[in-house]
Amino acid sequence: MPILVVGSVAFDSIQTPSGSVDRCLGGAATHFSLAASFFTDVRVIAVVGEDFTAEHEGVFAARNIDISGIEHARGRSFHWTGAYHDNLNEAQTLQTDLNVFANFQPKIPTAYADSEYLFLANIDPRLQHEVRRQMPRVRMVCGDTMNYWITGHAENLAHVLRDLDTLLINDGEAKLLAGETNLVTAAERILQMGPKTLVIKHGEHGATAFFSEKSFAGKVRNRFFRAPALPLSTVVDPTGAGDSFAGGFFGYLASQKNLTPAVFKRAMFYGGVMGSFAVERFGTERLQQLTRTEINQRFELFRELSHLDAD
Ligand code: AMP
């Protein structure tokens with residue numbers, strides 16, 4: 001089942017303790033769609049500027065990602081400048097240049113109208129809401145956001161949260177969104193804002209699902225589920241780890257016939273697998289070279305990592 005994603009397609013300038021890159025291909029929708037493309041078909045809604053060339057299109061084409069919904073506008077693409085210091089779980093945003101995204105009015109091409117899965121990747125919540133409005137019949141909607149939008153665009157974000165099936169967000173952002181310092185209390189508050197289920201990502205420490213009585217019609221045994229992260233000796237660039245997690249998670253969900261709690265939990269493992277690959281190189285480099293065999297092997301590693309024998 002194809003996933004429709006709206007989010008940033010961008011150029012990133014990144015500094016990490018391993019080095020730096022200038023204007024490499026990035027953006028939430030880019031990382032998400034590369035990761036999800038290993039599981040299902042992906043269609044992208046975004047806008048790019050004149051600096052987005054055939055070479056960049058080739059990155060999507062190599063993974064059969066449908067980018068006919070990406071609009072080309074005059075001007076420059078979204079540009080994010082960020083740095084990571086000792087804490088690789090936390091990006092410091094140095095500059096956000098919205099550029100062509102500032103005046104973007106998303107339109108869903110007719111060829112995309114039958115998409116049953118919608119991912120609202122990190123971008124202005126006004127755009128997320130606009131795309132959601134144009135897709136009233138989707139089967140499942142998941143979304144992401146970040147501090148930039150939580151602090152500056154809270155009211156627009158509230159509209160988006162209201163009818164999400166699952167919100168994926170990192171722990172610092174969850175606390176910021178809820179105005180709480182305890183994670184469980186923060187999760188409870190966020191679940192009251194609309195999402196049926198919440199997945200909080202903890203960077204190198206994995207991810208936790210918080211279920212509500214609206215998740216799986218109340219048929220989940222526990223309120224929480226924790227999926228591991230793979231301990232890695234080198235993290236080159238954490239940028240896009242969260243989006244790659246989301247791509248693995250939602251890509252796997254969309255590839256399955258029925259959405260059961262077991263499928264949801266396995267999807268969180270696939271999320272962890274894709275996030276763990278993403279951080280091994282700068283930008284999208286690692287996902288561009290990845291194979292399905294490597295994904296399967298790492299999934300087994302994740303399973304081993306958290307398996308407890310009965311006796
Ligand atoms: P993450 O998976 O959270 O590390 O996402 C990193 C990606 O988000 C980068 O490739 C950036 O281009 C993109 N990004 C950074 N800031 C924003 C923003 N304010 N809105 C949308 N996308 C952003």
# chains A, B, ... in the order shown; residues from 1 in each chain; ligands from 1
call {"tool": "residues_around", "arguments": {"residues": "A:Met274", "least_positions_apart": "4", "cutoff": "12 Å", "atoms": "only C-alpha atoms", "output": "ChimeraX atom specification"}}
result
/A:31-39,206,229-230,238,240-252,267-270,278-280,284,286-288,290-292,294-299,302
call {"tool": "residues_near_ligand", "arguments": {"ligand": "ligand 1", "cutoff": "7 Å", "atoms": "only C-alpha atoms and all ligand atoms", "output": "list in words"}}
result
Gly7, Ser8, Val9, Ala10, Phe11, Asp12, Gly26, Gly27, Ala28, His31, His79, Trp80, Thr96, Asn122, Ile123, Asp124, Met146, Tyr148, Trp149, Pro238, Thr239, Gly240, Ala241, Gly242, Asp243 and Ser244 of chain A
call {"tool": "write_last_selection", "arguments": {"atoms": "C-alpha atoms", "output": "tab-separated table (two decimals), in the first residue's frame"}}
result
chain	number	residue	atom	x	y	z
A	7	GLY	CA	7.50	17.18	4.61
A	8	SER	CA	10.71	19.02	3.99
A	9	VAL	CA	12.98	18.18	1.07
A	10	ALA	CA	16.01	20.20	1.95
A	11	PHE	CA	19.70	20.85	1.90
A	12	ASP	CA	21.47	20.41	5.22
A	26	GLY	CA	18.30	16.07	3.46
A	27	GLY	CA	14.91	17.03	4.78
A	28	ALA	CA	12.42	15.04	6.81
A	31	HIS	CA	15.00	10.58	4.99
A	79	HIS	CA	18.11	24.90	4.07
A	80	TRP	CA	18.81	23.69	7.61
A	96	THR	CA	16.46	27.49	9.37
A	122	ASN	CA	8.24	17.46	10.02
A	123	ILE	CA	7.23	20.73	8.33
A	124	ASP	CA	5.01	23.74	9.03
A	146	MET	CA	9.92	19.38	16.27
A	148	TYR	CA	10.79	24.82	15.97
A	149	TRP	CA	7.06	24.27	15.26
A	238	PRO	CA	22.36	11.62	13.79
A	239	THR	CA	20.47	13.85	11.30
A	240	GLY	CA	17.53	11.99	9.85
A	241	ALA	CA	17.59	9.19	12.41
A	242	GLY	CA	14.10	10.12	13.61
A	243	ASP	CA	12.74	10.35	10.07
A	244	SER	CA	14.37	7.05	9.14
call {"tool": "select_by_dssp", "arguments": {"residues": "stretch 138-187 of chain A", "states": "helix (DSSP H, G or I)", "output": "list of chain:residue names"}}
result
A:Asn147, A:Tyr148, A:Trp149, A:Ile150, A:Thr151, A:Gly152, A:Ala154, A:Glu155, A:Asn156, A:Leu157, A:Ala158, A:His159, A:Val160, A:Leu161, A:Arg162, A:Asp171, A:Gly172, A:Glu173, A:Ala174, A:Lys175, A:Leu176, A:Leu177, A:Ala178, A:Leu183, A:Val184, A:Thr185, A:Ala186, A:Ala187
call {"tool": "residues_around", "arguments": {"residues": "A:Lys214", "least_positions_apart": "2", "cutoff": "12 Å", "atoms": "only C-alpha atoms", "output": "JSON, numbers by chain"}}
result
{"A": [163, 164, 165, 166, 191, 192, 194, 195, 196, 197, 198, 210, 211, 212, 216, 217, 218, 219, 220, 223]}
call {"tool": "atom_distance", "arguments": {"atom1": "atom CA of A:Phe78", "atom2": "atom CA of A:Val236"}}
result
22.8 Å
